Structures are given as C-alpha cells and as structure tokens.
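Participant: File follows, entry.txt with compact mmCIF, C-alpha atoms:
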```txt
# COMPACT_ATOMS: atom_id res chain seq x y z
CA MET A 178 167.06 106.00 28.87
CA THR A 179 164.87 102.92 29.36
CA GLU A 180 164.19 101.83 32.95
CA ALA A 181 165.31 98.24 33.44
CA VAL A 182 164.65 95.62 36.07
CA ALA A 183 166.88 92.76 37.21
CA ARG A 184 165.44 89.26 36.81
CA PRO A 185 167.15 86.24 38.29
CA GLY A 186 169.11 84.37 35.63
CA ARG A 187 167.94 86.54 32.74
CA GLY A 188 169.76 89.85 33.24
CA ARG A 189 168.07 93.28 33.10
CA ARG A 190 165.05 93.86 30.84
CA PRO A 191 162.91 96.92 30.08
CA SER A 192 160.44 97.39 32.91
CA ALA A 193 157.47 97.63 30.50
CA GLU A 194 158.28 94.11 29.32
CA VAL A 195 158.50 92.78 32.89
CA ARG A 196 155.25 94.53 33.78
CA ARG A 197 153.46 92.92 30.82
CA ASP A 198 154.71 89.44 31.81
CA VAL A 199 153.70 89.99 35.45
CA LEU A 200 150.18 91.08 34.46
CA ALA A 201 149.84 88.09 32.11
CA ALA A 202 150.95 85.69 34.86
CA ALA A 203 148.57 87.29 37.37
CA THR A 204 145.64 87.08 34.90
CA GLU A 205 146.30 83.40 34.35
CA LEU A 206 146.34 82.63 38.09
CA LEU A 207 143.26 84.79 38.63
CA LEU A 208 141.10 83.10 35.98
CA ALA A 209 142.29 79.62 36.97
CA ASP A 210 142.03 79.83 40.76
CA GLY A 211 140.47 83.16 41.82
CA VAL A 212 141.70 86.28 43.62
CA ALA A 213 143.17 84.42 46.61
CA ALA A 214 145.54 82.54 44.26
CA VAL A 215 147.21 85.79 43.18
CA THR A 216 150.07 86.06 45.72
CA PHE A 217 153.35 87.93 45.11
CA GLU A 218 155.14 84.58 45.62
CA ARG A 219 153.25 82.73 42.89
CA VAL A 220 153.18 85.61 40.39
CA ALA A 221 156.94 86.23 40.81
CA GLN A 222 157.61 82.56 40.12
CA ALA A 223 155.27 82.36 37.11
CA ALA A 224 156.25 85.64 35.38
CA PRO A 225 159.19 85.26 36.30
CA ALA A 226 160.09 88.47 38.15
CA SER A 227 161.66 89.38 41.48
CA LYS A 228 159.32 89.69 44.45
CA VAL A 229 161.06 92.98 45.37
CA THR A 230 159.85 94.44 42.06
CA LEU A 231 156.26 93.38 42.75
CA TYR A 232 156.32 94.90 46.25
CA LYS A 233 157.65 98.13 44.70
CA TRP A 234 154.98 98.34 41.99
CA TRP A 235 151.83 97.17 43.82
CA PRO A 236 150.72 97.87 47.41
CA THR A 237 148.93 94.48 47.79
CA PRO A 238 148.50 91.32 45.68
CA GLY A 239 144.81 92.31 45.40
CA ALA A 240 145.78 95.57 43.67
CA LEU A 241 147.99 93.63 41.24
CA ALA A 242 145.15 91.16 40.55
CA ALA A 243 142.76 94.05 39.89
CA GLU A 244 145.11 95.72 37.39
CA ALA A 245 145.61 92.40 35.60
CA TYR A 246 141.85 91.95 35.39
CA PHE A 247 141.25 95.45 33.97
CA ALA A 248 143.85 94.91 31.25
CA HIS A 249 142.01 91.66 30.43
CA VAL A 250 138.45 93.11 30.18
CA GLU A 251 139.20 96.62 28.89
CA SER A 252 137.30 96.16 25.62
CA GLY A 253 134.11 95.24 27.54
CA LEU A 254 133.88 98.81 28.86
CA ARG A 255 132.43 100.01 25.54
CA PHE A 256 128.97 101.61 25.67
CA ASP A 257 127.03 101.98 22.42
CA ASP A 258 125.02 105.04 21.42
CA SER A 259 122.56 104.24 18.63
CA GLY A 260 120.19 107.05 19.68
CA ASP A 261 117.73 104.47 21.06
CA LEU A 262 118.27 104.62 24.85
CA THR A 263 116.21 101.55 25.71
CA ALA A 264 117.90 99.35 23.09
CA ASP A 265 121.39 100.52 24.10
CA LEU A 266 120.75 99.92 27.80
CA ARG A 267 119.18 96.53 27.14
CA ALA A 268 122.20 95.43 25.07
CA GLN A 269 124.64 96.68 27.72
CA LEU A 270 122.74 95.05 30.63
CA HIS A 271 122.38 91.72 28.81
CA ALA A 272 126.14 91.70 28.13
CA PHE A 273 126.80 92.62 31.77
CA VAL A 274 124.57 89.83 33.13
CA ALA A 275 126.31 87.39 30.75
CA THR A 276 129.68 88.48 32.17
CA LEU A 277 128.55 88.21 35.82
CA THR A 278 127.10 84.74 35.23
CA ASP A 279 130.11 83.46 33.25
CA GLU A 280 131.44 80.75 35.54
CA ARG A 281 135.05 81.88 35.13
CA ILE A 282 134.51 85.65 35.37
CA GLY A 283 131.58 85.92 37.84
CA PRO A 284 133.43 84.44 40.84
CA VAL A 285 136.45 86.65 40.06
CA ILE A 286 134.34 89.83 40.18
CA ALA A 287 132.56 88.68 43.36
CA GLY A 288 135.95 87.79 44.81
CA PHE A 289 137.35 91.26 44.04
CA ILE A 290 134.46 93.16 45.62
CA GLY A 291 134.47 90.74 48.55
CA ALA A 292 138.22 91.03 49.19
CA ALA A 293 138.06 94.83 48.72
CA GLN A 294 136.00 95.07 51.95
CA ALA A 295 139.18 94.14 53.88
CA ASP A 296 141.84 95.57 51.50
CA ALA A 297 141.72 99.36 51.01
CA ALA A 298 144.36 99.27 48.24
CA LEU A 299 142.27 96.78 46.26
CA ALA A 300 139.11 98.87 46.79
CA GLU A 301 141.00 101.91 45.49
CA ALA A 302 142.34 99.96 42.48
CA TRP A 303 138.84 98.67 41.68
CA SER A 304 137.34 102.17 41.74
CA ALA A 305 140.17 103.92 39.91
CA GLY A 306 140.71 101.21 37.27
CA TYR A 307 137.20 99.93 36.70
CA SER A 308 134.02 101.06 38.43
CA LEU A 309 134.48 104.84 38.16
CA GLU A 310 135.14 104.53 34.41
CA ARG A 311 132.03 102.35 33.94
CA ARG A 312 130.00 104.93 35.89
CA ARG A 313 131.37 107.77 33.74
CA LEU A 314 130.46 106.00 30.47
CA ALA A 315 126.92 105.22 31.69
CA VAL A 316 126.31 108.74 33.03
CA GLU A 317 127.56 110.23 29.73
CA ARG A 318 125.03 108.08 27.85
CA PHE A 319 122.25 109.19 30.24
CA ALA A 320 123.25 112.85 29.80
CA ARG A 321 122.86 112.55 26.02
CA ALA A 322 119.43 110.95 26.52
CA GLU A 323 118.45 113.79 28.85
CA GLU A 324 119.52 116.35 26.22
CA ALA A 325 117.47 114.46 23.63
CA GLY A 326 114.42 114.80 25.91
CA GLN A 327 114.20 111.05 26.60
CA LEU A 328 114.72 111.37 30.37
CA ARG A 329 112.98 113.60 32.91
CA THR A 330 115.06 116.69 33.72
CA GLY A 331 116.55 117.22 37.17
CA LEU A 332 117.46 113.56 37.79
CA ASP A 333 120.69 112.65 39.58
CA LEU A 334 122.04 110.48 36.75
CA GLU A 335 124.53 108.71 39.07
CA VAL A 336 121.57 107.14 40.90
CA LEU A 337 120.41 105.32 37.76
CA VAL A 338 123.70 103.41 37.72
CA ASP A 339 122.97 101.94 41.18
CA GLN A 340 119.42 100.95 40.19
CA LEU A 341 120.60 99.10 37.04
CA TRP A 342 124.18 97.78 37.34
CA GLY A 343 124.08 98.02 41.16
CA ALA A 344 120.95 95.84 41.23
CA CYS A 345 122.85 93.22 39.18
CA TYR A 346 125.83 93.36 41.57
CA HIS A 347 123.39 92.81 44.46
CA ARG A 348 122.17 89.54 42.88
CA LEU A 349 125.79 88.50 42.26
CA LEU A 350 126.93 89.15 45.84
CA VAL A 351 123.85 87.99 47.80
CA ARG A 352 122.57 85.00 45.87
CA ASP A 353 118.93 84.89 47.01
CA GLN A 354 117.41 85.34 43.53
CA PRO A 355 118.69 84.40 40.05
CA LEU A 356 120.63 86.76 37.78
CA THR A 357 119.04 86.28 34.34
CA PRO A 358 118.34 88.16 31.07
CA ALA A 359 114.72 88.46 32.28
CA PHE A 360 116.00 90.26 35.38
CA ALA A 361 117.93 92.71 33.14
CA ASP A 362 114.73 93.42 31.18
CA ALA A 363 112.68 93.88 34.35
CA ILE A 364 115.03 96.38 36.04
CA LEU A 365 115.18 98.43 32.85
CA ASP A 366 111.42 98.45 32.31
CA ASN A 367 110.74 99.25 36.00
CA LEU A 368 113.15 102.17 36.05
CA LEU A 369 112.16 103.71 32.72
CA ARG A 370 108.37 103.35 33.13
CA GLY A 371 108.04 103.38 36.91
CA VAL A 372 106.12 100.80 38.94
CA ALA A 373 103.44 102.93 40.64
CA THR A 374 99.99 103.40 39.12
CA ALA A 375 99.50 106.93 40.48
CA PRO A 376 102.85 108.53 41.31
CA MET B 176 116.19 66.39 80.31
CA THR B 177 118.22 69.52 79.68
CA GLU B 178 121.24 69.17 77.39
CA ALA B 179 124.36 70.34 79.19
CA VAL B 180 127.85 71.33 78.09
CA ALA B 181 131.13 71.03 79.97
CA ARG B 182 133.02 74.28 80.58
CA PRO B 183 136.53 74.27 81.95
CA GLY B 184 136.54 75.03 85.68
CA ARG B 185 132.79 75.74 85.89
CA GLY B 186 131.19 72.32 85.52
CA ARG B 187 128.30 71.52 83.16
CA ARG B 188 125.68 74.16 82.28
CA PRO B 189 122.52 74.12 80.12
CA SER B 190 123.51 74.46 76.47
CA ALA B 191 121.05 77.32 75.90
CA GLU B 192 122.93 79.33 78.54
CA VAL B 193 126.31 78.58 76.95
CA ARG B 194 124.92 79.45 73.52
CA ARG B 195 123.66 82.82 74.79
CA ASP B 196 127.07 83.62 76.33
CA VAL B 197 128.88 82.60 73.14
CA LEU B 198 126.64 84.80 70.97
CA ALA B 199 127.10 87.74 73.37
CA ALA B 200 130.89 87.32 73.30
CA ALA B 201 130.89 87.06 69.48
CA THR B 202 128.72 90.20 69.16
CA GLU B 203 131.09 92.16 71.37
CA LEU B 204 134.15 91.12 69.31
CA LEU B 205 132.27 91.79 66.06
CA LEU B 206 131.20 95.34 66.93
CA ALA B 207 134.58 96.20 68.44
CA ASP B 208 136.92 94.79 65.79
CA GLY B 209 134.92 93.49 62.80
CA VAL B 210 134.21 90.07 61.30
CA ALA B 211 137.86 88.99 61.12
CA ALA B 212 138.15 89.36 64.92
CA VAL B 213 135.53 86.65 65.50
CA THR B 214 137.69 83.52 65.71
CA PHE B 215 136.72 80.34 67.60
CA GLU B 216 139.84 80.88 69.74
CA ARG B 217 138.89 84.37 70.92
CA VAL B 218 135.16 83.65 71.34
CA ALA B 219 135.89 80.49 73.36
CA GLN B 220 138.15 82.47 75.67
CA ALA B 221 135.74 85.40 76.05
CA ALA B 222 132.49 83.42 76.56
CA PRO B 223 134.06 81.24 78.12
CA ALA B 224 133.24 77.98 76.34
CA SER B 225 135.19 75.05 74.95
CA LYS B 226 136.43 75.35 71.37
CA VAL B 227 135.12 71.81 70.71
CA THR B 228 131.60 73.07 71.43
CA LEU B 229 131.99 75.96 68.97
CA TYR B 230 133.27 73.64 66.21
CA LYS B 231 130.26 71.40 66.87
CA TRP B 232 127.69 74.20 66.69
CA TRP B 233 128.99 76.39 63.84
CA PRO B 234 130.66 75.35 60.53
CA THR B 235 132.89 78.47 60.40
CA PRO B 236 133.62 81.49 62.65
CA GLY B 237 131.87 83.60 59.97
CA ALA B 238 128.64 81.64 60.45
CA LEU B 239 128.88 82.19 64.23
CA ALA B 240 129.50 85.93 63.70
CA ALA B 241 126.48 86.14 61.39
CA GLU B 242 124.17 84.46 63.91
CA ALA B 243 125.43 86.79 66.66
CA TYR B 244 124.74 89.77 64.43
CA PHE B 245 121.19 88.67 63.57
CA ALA B 246 120.34 88.23 67.26
CA HIS B 247 121.64 91.78 67.78
CA VAL B 248 119.66 93.50 64.99
CA GLU B 249 116.50 91.37 64.97
CA SER B 250 114.19 94.27 65.93
CA GLY B 251 115.38 96.30 62.91
CA LEU B 252 113.71 93.81 60.56
CA ARG B 253 110.30 95.40 61.20
CA PHE B 254 108.46 96.79 58.15
CA ASP B 255 105.55 99.17 58.76
CA ASP B 256 102.26 99.15 56.86
CA SER B 257 100.38 102.44 57.28
CA GLY B 258 98.56 102.01 53.94
CA ASP B 259 100.75 104.76 52.41
CA LEU B 260 103.30 102.82 50.33
CA THR B 261 105.57 105.79 49.57
CA ALA B 262 105.74 106.91 53.21
CA ASP B 263 106.40 103.36 54.48
CA LEU B 264 109.17 102.74 51.94
CA ARG B 265 110.72 106.13 52.60
CA ALA B 266 110.81 105.45 56.37
CA GLN B 267 112.28 101.98 55.85
CA LEU B 268 114.94 103.15 53.37
CA HIS B 269 115.97 106.09 55.57
CA ALA B 270 116.39 103.73 58.53
CA PHE B 271 118.34 101.32 56.31
CA VAL B 272 120.70 104.04 55.03
CA ALA B 273 121.22 105.19 58.63
CA THR B 274 122.19 101.61 59.59
CA LEU B 275 124.56 101.16 56.63
CA THR B 276 126.27 104.49 57.35
CA ASP B 277 126.53 103.90 61.12
CA GLU B 278 130.29 103.71 61.60
CA ARG B 279 130.05 100.67 63.87
CA ILE B 280 127.43 98.69 61.90
CA GLY B 281 128.23 99.62 58.27
CA PRO B 282 131.71 98.06 58.18
CA VAL B 283 130.32 94.92 59.86
CA ILE B 284 127.68 94.45 57.15
CA ALA B 285 130.22 95.16 54.38
CA GLY B 286 132.61 92.74 56.09
CA PHE B 287 129.96 89.99 56.20
CA ILE B 288 129.02 90.27 52.52
CA GLY B 289 132.70 90.57 51.61
CA ALA B 290 133.78 87.52 53.63
CA ALA B 291 130.76 85.55 52.35
CA GLN B 292 132.29 85.59 48.84
CA ALA B 293 134.97 83.18 50.11
CA ASP B 294 132.96 81.38 52.85
CA ALA B 295 129.94 79.39 51.63
CA ALA B 296 128.76 78.66 55.19
CA LEU B 297 128.71 82.38 55.99
CA ALA B 298 126.86 83.14 52.71
CA GLU B 299 124.28 80.50 53.66
CA ALA B 300 123.94 81.91 57.21
CA TRP B 301 123.52 85.44 55.85
CA SER B 302 120.74 84.37 53.45
CA ALA B 303 118.93 82.05 55.86
CA GLY B 304 119.19 84.30 58.91
CA TYR B 305 118.90 87.76 57.41
CA SER B 306 118.54 88.65 53.73
CA LEU B 307 115.80 86.17 52.75
CA GLU B 308 113.67 87.35 55.68
CA ARG B 309 114.18 91.02 54.74
CA ARG B 310 113.20 90.15 51.15
CA ARG B 311 110.08 88.34 52.34
CA LEU B 312 108.89 91.28 54.47
CA ALA B 313 109.47 93.76 51.60
CA VAL B 314 107.73 91.57 49.00
CA GLU B 315 104.76 91.09 51.36
CA ARG B 316 104.43 94.86 51.66
CA PHE B 317 104.63 95.23 47.85
CA ALA B 318 101.98 92.51 47.39
CA ARG B 319 99.56 94.42 49.64
CA ALA B 320 100.25 97.60 47.62
CA GLU B 321 99.59 95.70 44.40
CA GLU B 322 96.26 94.43 45.79
CA ALA B 323 95.39 98.00 46.78
CA GLY B 324 95.97 99.06 43.15
CA GLN B 325 99.03 101.19 44.00
CA LEU B 326 101.46 99.17 41.83
CA ARG B 327 101.19 98.06 38.22
CA THR B 328 100.05 94.45 37.92
CA GLY B 329 102.35 91.75 36.53
CA LEU B 330 105.53 93.06 38.16
CA ASP B 331 108.11 90.64 39.58
CA LEU B 332 108.05 92.08 43.10
CA GLU B 333 111.42 90.50 44.00
CA VAL B 334 113.08 92.80 41.45
CA LEU B 335 111.98 95.93 43.35
CA VAL B 336 114.06 94.76 46.33
CA ASP B 337 117.24 94.82 44.21
CA GLN B 338 116.46 98.30 42.83
CA LEU B 339 115.91 99.78 46.32
CA TRP B 340 117.87 97.94 49.04
CA GLY B 341 120.23 96.39 46.47
CA ALA B 342 121.11 99.87 45.16
CA CYS B 343 122.00 100.90 48.75
CA TYR B 344 124.19 97.79 49.20
CA HIS B 345 125.95 98.71 45.95
CA ARG B 346 126.92 102.15 47.37
CA LEU B 347 128.06 100.44 50.61
CA LEU B 348 130.28 97.88 48.85
CA VAL B 349 131.71 99.99 45.99
CA ARG B 350 132.21 103.41 47.52
CA ASP B 351 132.22 105.60 44.38
CA GLN B 352 129.22 107.74 45.38
CA PRO B 353 127.84 108.74 48.80
CA LEU B 354 125.10 106.85 50.64
CA THR B 355 122.75 109.58 51.92
CA PRO B 356 119.06 110.21 52.79
CA ALA B 357 118.83 112.11 49.45
CA PHE B 358 119.95 108.92 47.67
CA ALA B 359 117.17 106.98 49.44
CA ASP B 360 114.61 109.57 48.27
CA ALA B 361 115.94 109.51 44.69
CA ILE B 362 115.87 105.72 44.24
CA LEU B 363 112.31 105.60 45.57
CA ASP B 364 111.08 108.45 43.38
CA ASN B 365 112.83 107.04 40.28
CA LEU B 366 111.37 103.57 40.75
CA LEU B 367 107.82 104.61 41.59
CA ARG B 368 107.47 107.35 38.91
CA GLY B 369 109.93 106.12 36.28
CA VAL B 370 112.67 108.23 34.72
CA ALA B 371 111.71 108.18 31.01
CA THR B 372 109.57 110.91 29.46
CA ALA B 373 107.91 108.63 26.89
CA PRO B 374 108.11 105.00 28.00
```
Would you mind writing the file's structure down as structure tokens?
Facilitator:
Amino acid sequence: MTEAVARPGRGRRPSAEVRRDVLAAATELLLADGVAAVTFERVAQAAPASKVTLYKWWPTPGALAAEAYFAHVESGLRFDDSGDLTADLRAQLHAFVATLTDERIGPVIAGFIGAAQADAALAEAWSAGYSLERRRLAVERFARAEEAGQLRTGLDLEVLVDQLWGACYHRLLVRDQPLTPAFADAILDNLLRGVATAP
Amino acid sequence: MTEAVARPGRGRRPSAEVRRDVLAAATELLLADGVAAVTFERVAQAAPASKVTLYKWWPTPGALAAEAYFAHVESGLRFDDSGDLTADLRAQLHAFVATLTDERIGPVIAGFIGAAQADAALAEAWSAGYSLERRRLAVERFARAEEAGQLRTGLDLEVLVDQLWGACYHRLLVRDQPLTPAFADAILDNLLRGVATAP
C-alpha cells in the first residue's frame, strides 16, 4: 500500500511525490533568497503541499532547508583516490573553495552554519546529512594514505579535517582574510610538510 | 564640556557613565541568556537608558552585544612571548579551548559568529573589535619566530591562524568531534612537524 497525502484541490498523491516537490520548492527558495526565506508557509504555497504535512515531516524550516540542500549538492561529496594524496587533496580543496566562494552557494552554507547555532534541529540535520559524511570520506582517504606509508603513523586523522576544510570554513564565517585557491594550496603544503624548521 | 545624556527620572548624566552602564547591562543579559536576549528594549530597561540613545550609538543590538563582550574579555587577548614558540602556542591554544568549552562563554561566541552571518553590523563589530586584533597578535608572534629561524621562510603567516584557532572554531560551530586539550596539542604538532612522511 502506498502512503498518500492530501493536497488542497489536487486530491491524494503518493507521499514520495509530494516530498520531491516540497524539496524542489525549498531548494528554489533557498538558492534565490537564502535560509531565512525557507518558511513552512512559503514552501507549502510553492510546492504546493499542506503546512500540516511539513510540520509532520520536518522539526523546523531549517531542517527542511538543509535536506533540500543536501539533495541538491549530493554529487559534490565525491572524493577521488588516484593514489597521489597531494594531488587528490589539492583537487578536492580547490573544488571546495570554489563552492564556498560561489556567490549563490557560499552565503547559503554560511547561513546554514550560522542559523544552526540557534536551531538544534538544523545543527543535527547538517551533521547527519552533510558534515559527518564529508568527514567520513576524507578520513577514509587519509587512512588509505596512512596504509600506503604516505602519512606518519599514530595521527588522529579526524584532526586533519579541521586543519584543511575547517580552516576554509573559518575564512567563510569570519571574513578577515580572503578565501582563494592560493589559500587552499598553502594550508595543504603547511600541513603535509610542517612549518617549523626544527620540530 | 562633557557630553550628557537624558535619562528618564534621573536627569542628564555624562555619556561615558551611561555607556558604561549600558555595556554592563548588555554583558549581564548576554552571559545569562545569550546573544538573542540582548535587545535594545531589555538593555534600555536594565541600564537604565533611553532606547533613542541606544539606536544612536549602535547600528544593531548584535553590535552592542559584541562591544559588551569585548570589554568583558579584553584581558584574554594577551599572547605571551617566552622565546619558546611551541610552549607559547600550546599555552595560548589550551586557554582558547578552555574558553570555547566554558559553558557560559562557548555558546555566546558560537551565537555571535552564527548571528553575524545574517547581521553585517555584528560581523563588522566582531572583526574590528575582536578577531582582527587576535589575528594581529598571533601573526606578530609568528613573525618573531620566523626572524628567530624557528619557522620556514616564505610562509603566509595569516594562514597559520586558520589552521590553529580556525580549526578550534570549526569544532565549536560544527559539533561533529570534541574540542579538547588533546585536540589543541594535535593541531599544533601536526602544523609544526607536518603529517606527511615524504613531503
């Protein structure tokens, strides 16, 4: 039996179909006007869907916006493994900096992390749907490099994530210094080679 | 001639005195209930001061909250120079992690950076009153280490700030992994020594 959802004026439809329309409507609002534009009111009107359905499926509009965003960027989660750690990380970090500095996407990401500080459901959605998966893919790549003898043994591989992607997020969220391809190259070189002369 | 400000029922007082009372009232609200609790309405009532004065002095309640916070934590900006770069950075990063994980202060800092994503005046106040000064003190310390031959030459010293303090902010704002003294030690060791076996 297929679960169905009532929609004003259009009868009952399969819930998967309604869900897809809701996420598409939320994505459109998000990319056009940012996280704050994604309200249950506006999404329900645009989808269209009933507001009761949205309240049932998502704890906050922020959590709905986050899920819409993940569906939109899912393919960007890929992480290449050519065997050359430096080249793979450089490619990934350049693509990441390009995403953060894209004038449509960058403010959306900053808006999500910003709003998540006052919206626990959004913070949870961001971790579960996006950041934990990115961490896992990066740490997996580091673990293969460690096995191949390219990284020192005994490192906490999670920490490398904060010193590469975390450093980029810092420049996105506190805009004191520019986020550029040269910055991506510098963080990678610093972390791989070290910055001290006599450690 | 001293500038004076009218306060309901208490006549005119020197503006520096009113300003001090307003900042004290804002700090109290901030530490008790977070950034969102600092509204012009509540601060005006608590100080007491006229709301017109607050609108004149600060562009947004967030900017007022930020200035109150900086006055409160000013002494924590200190950055020691014992000549031992590793020891000085370790002490600074341990103190920083302790501040970020303090259950009264941590949420306030996360709240500021979060709210700044949707409040340009707050973002500006945070940079001008806090983060740029912290950057400057750190870069100065790195420059002395570079002169002393303890760091490789040709580094962009600003980048080191993002890979140390920025990495800590990342764990504060996206809470996927714990922010601990061991994390502070790991980021420092990784950055100074490097993580690759054959750079």
Participant: So which one's closest to Ser190 (chain B), B:Gln325, B:Gln220, B:Thr214, B:Ser225? Using all atoms listed in the file, please.
Facilitator: B:Ser225
Participant: Between B:Ala320, B:Ala295, B:Ala285, B:Ala300, which has the minimum distance to chain A (counting all atoms listed in the file)?
Facilitator: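 For chain A, the nearest of the given residues is B:Ala285.
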Participant: Return as a tab-separated table the residues of chain A lying at most 8 Å from chain B, together with the closest atom-to-atom pair for each and the distance in Å to one decimal, counting all atoms listed in the file, with rows in chain order and ascending residue number.
Facilitator:
```
residue	atom	partner	partner_atom	distance
A:Ala287	CA	B:Gln292	CA	6.3
A:Gly288	CA	B:Gln292	CA	5.9
A:Ile290	CA	B:Gly289	CA	6.8
A:Gly291	CA	B:Gly289	CA	3.5
A:Ala292	CA	B:Gly289	CA	6.0
A:Ala293	CA	B:Gly289	CA	7.4
A:Gln294	CA	B:Gly289	CA	5.6
A:Ala295	CA	B:Gly286	CA	7.1
A:Ala300	CA	B:Val349	CA	7.5
A:Ser304	CA	B:Asp351	CA	6.7
A:Ser308	CA	B:Asp351	CA	7.7
A:Leu309	CA	B:Asp351	CA	6.7
A:Gly326	CA	B:Thr372	CA	7.2
A:Gln327	CA	B:Thr372	CA	5.4
A:Leu328	CA	B:Ala371	CA	4.4
A:Arg329	CA	B:Thr372	CA	5.5
A:Leu332	CA	B:Val370	CA	7.8
A:Asp333	CA	B:Ala361	CA	7.7
A:Glu335	CA	B:Gln352	CA	7.9
A:Val336	CA	B:Ile362	CA	6.8
A:Leu337	CA	B:Ile362	CA	7.9
A:Asp339	CA	B:Ala342	CA	4.9
A:Gln340	CA	B:Gln338	CA	4.8
A:Leu341	CA	B:Gln338	CA	7.2
A:Gly343	CA	B:His345	CA	5.2
A:Ala344	CA	B:Asp337	CA	4.9
A:Cys345	CA	B:Asp337	CA	7.7
A:Tyr346	CA	B:His345	CA	6.9
A:His347	CA	B:Gly341	CA	5.2
A:Arg348	CA	B:Asp337	CA	7.3
A:Leu350	CA	B:Ile288	CA	7.1
A:Val351	CA	B:Ile288	CA	7.4
A:Arg352	CA	B:Ser302	CA	7.8
A:Asp353	CA	B:Leu307	CA	6.7
A:Gln354	CA	B:Glu333	CA	7.9
A:Phe360	CA	B:Val334	CA	7.2
A:Ala363	CA	B:Val334	CA	7.2
A:Ile364	CA	B:Val334	CA	6.8
A:Asn367	CA	B:Leu366	CA	6.5
A:Leu368	CA	B:Gly369	CA	5.1
A:Leu369	CA	B:Ala371	CA	4.8
A:Arg370	CA	B:Gly369	CA	4.5
A:Gly371	CA	B:Gly369	CA	3.4
A:Val372	CA	B:Leu367	CA	4.9
A:Ala373	CA	B:Leu326	CA	4.4
A:Thr374	CA	B:Leu326	CA	5.2
A:Ala375	CA	B:Gln325	CA	6.7
A:Pro376	CA	B:Arg368	CA	5.3
```
Participant: Within 8 Å of Pro238 (chain A), counting all atoms listed in the file, which residues qualify if same-chain residues fewer than 2 places away don't, as number ranges by chain?
Facilitator: A: 215-217, 235-236, 240-242
Participant: Which is closest to Asp296 (chain A) among A:Gln269, A:Gly239, A:Arg255, A:Ala275, if we use only C-alpha atoms?
Facilitator: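 For Asp296 (chain A), the nearest of the candidates is A:Gly239.
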Participant: One decimal, Å: what's the distance from CA of Asp277 (chain B) over to CA of Phe254 (chain B), could you say?
Facilitator: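 Distance reported for this atom pair: 19.6 Å.
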Participant: Find the residues with any atom within 7 Å of (157.8, 89.8, 44.3); use only C-alpha atoms and the coordinates as given in the file, and write the answer as a short mmCIF file (atom, residue, chain, number, x, y, z; two decimals) with C-alpha atoms, keeping the file's coordinate frame.
Facilitator:
```
data_model
loop_
_atom_site.label_atom_id
_atom_site.label_comp_id
_atom_site.auth_asym_id
_atom_site.auth_seq_id
_atom_site.Cartn_x
_atom_site.Cartn_y
_atom_site.Cartn_z
CA PHE A 217 153.35 87.93 45.11
CA GLU A 218 155.14 84.58 45.62
CA ALA A 221 156.94 86.23 40.81
CA ALA A 226 160.09 88.47 38.15
CA SER A 227 161.66 89.38 41.48
CA LYS A 228 159.32 89.69 44.45
CA VAL A 229 161.06 92.98 45.37
CA THR A 230 159.85 94.44 42.06
CA LEU A 231 156.26 93.38 42.75
CA TYR A 232 156.32 94.90 46.25
#
```
Participant: Measuring atom to atom with all atoms listed in the file, identify which of A:Ala201, A:Val220, A:Leu208, A:Ala264 is nearest to Gly283 (chain A).
Facilitator: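 Closest candidate: A:Leu208.
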Participant: Between CA of Asp362 (chain A) and CA of His249 (chain A), what is the spacing in Å?
Facilitator: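 Calculated distance between CA of His249 (chain A) and CA of Asp362 (chain A) is 27.3 Å.
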Participant: Tell me which protein, DNA and RNA residues are within 12 Å of Val250 (chain A), counting all atoms listed in the file, leaving out same-chain ones fewer than 5 positions away, and put them as a PyMOL selection string.
Facilitator: chain A and resi 204+208+243-245+255+273+276+282+285-286+306-307+311
Participant: Go ahead and fit an axis-aligned box to every listed atom of region 195-210 of chain A plus 6 Å each side, and pass me the centre and edge lengths in Å, one decimal, as JSON.
Facilitator:
```
{"center_x": 149.8, "center_y": 87.1, "center_z": 35.8, "size_x": 29.4, "size_y": 26.9, "size_z": 21.9}
```
Participant: May I ask for the distance between CA of Ala202 (chain A) and CA of Ala223 (chain A), given in Å to one decimal place?
Facilitator: 5.9 Å
Participant: Add whatever atoms are absent from region 370-374 of chain B to reach all heavy atoms, and provide the output as a PDB file, in the coordinates of the input.
Facilitator:
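Once written, out32.pdb looks like this:
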```
ATOM      1  N   VAL B 370     111.776 107.120  35.070  1.00  0.00           N
ATOM      2  CA  VAL B 370     112.670 108.230  34.720  1.00  0.00           C
ATOM      3  C   VAL B 370     112.526 108.654  33.254  1.00  0.00           C
ATOM      4  O   VAL B 370     113.022 109.708  32.855  1.00  0.00           O
ATOM      5  CB  VAL B 370     114.154 107.872  35.005  1.00  0.00           C
ATOM      6  CG1 VAL B 370     114.357 107.587  36.494  1.00  0.00           C
ATOM      7  CG2 VAL B 370     114.630 106.692  34.152  1.00  0.00           C
ATOM      8  N   ALA B 371     111.853 107.840  32.431  1.00  0.00           N
ATOM      9  CA  ALA B 371     111.710 108.180  31.010  1.00  0.00           C
ATOM     10  C   ALA B 371     110.551 109.142  30.803  1.00  0.00           C
ATOM     11  O   ALA B 371     109.578 109.133  31.575  1.00  0.00           O
ATOM     12  CB  ALA B 371     111.502 106.919  30.181  1.00  0.00           C
ATOM     13  N   THR B 372     110.657 109.985  29.760  1.00  0.00           N
ATOM     14  CA  THR B 372     109.570 110.910  29.460  1.00  0.00           C
ATOM     15  C   THR B 372     108.477 110.226  28.632  1.00  0.00           C
ATOM     16  O   THR B 372     107.298 110.492  28.808  1.00  0.00           O
ATOM     17  CB  THR B 372     110.090 112.139  28.679  1.00  0.00           C
ATOM     18  OG1 THR B 372     110.923 111.666  27.619  1.00  0.00           O
ATOM     19  CG2 THR B 372     110.892 113.049  29.591  1.00  0.00           C
ATOM     20  N   ALA B 373     108.896 109.319  27.737  1.00  0.00           N
ATOM     21  CA  ALA B 373     107.910 108.630  26.890  1.00  0.00           C
ATOM     22  C   ALA B 373     108.214 107.133  26.855  1.00  0.00           C
ATOM     23  O   ALA B 373     108.915 106.675  25.960  1.00  0.00           O
ATOM     24  CB  ALA B 373     107.936 109.197  25.479  1.00  0.00           C
ATOM     25  N   PRO B 374     107.735 106.409  27.864  1.00  0.00           N
ATOM     26  CA  PRO B 374     108.110 105.000  28.000  1.00  0.00           C
ATOM     27  C   PRO B 374     107.572 104.160  26.826  1.00  0.00           C
ATOM     28  O   PRO B 374     106.578 104.517  26.235  1.00  0.00           O
ATOM     29  CB  PRO B 374     107.453 104.566  29.290  1.00  0.00           C
ATOM     30  CG  PRO B 374     106.848 105.786  29.923  1.00  0.00           C
ATOM     31  CD  PRO B 374     106.719 106.818  28.871  1.00  0.00           C
TER      32      PRO B 374
END
```
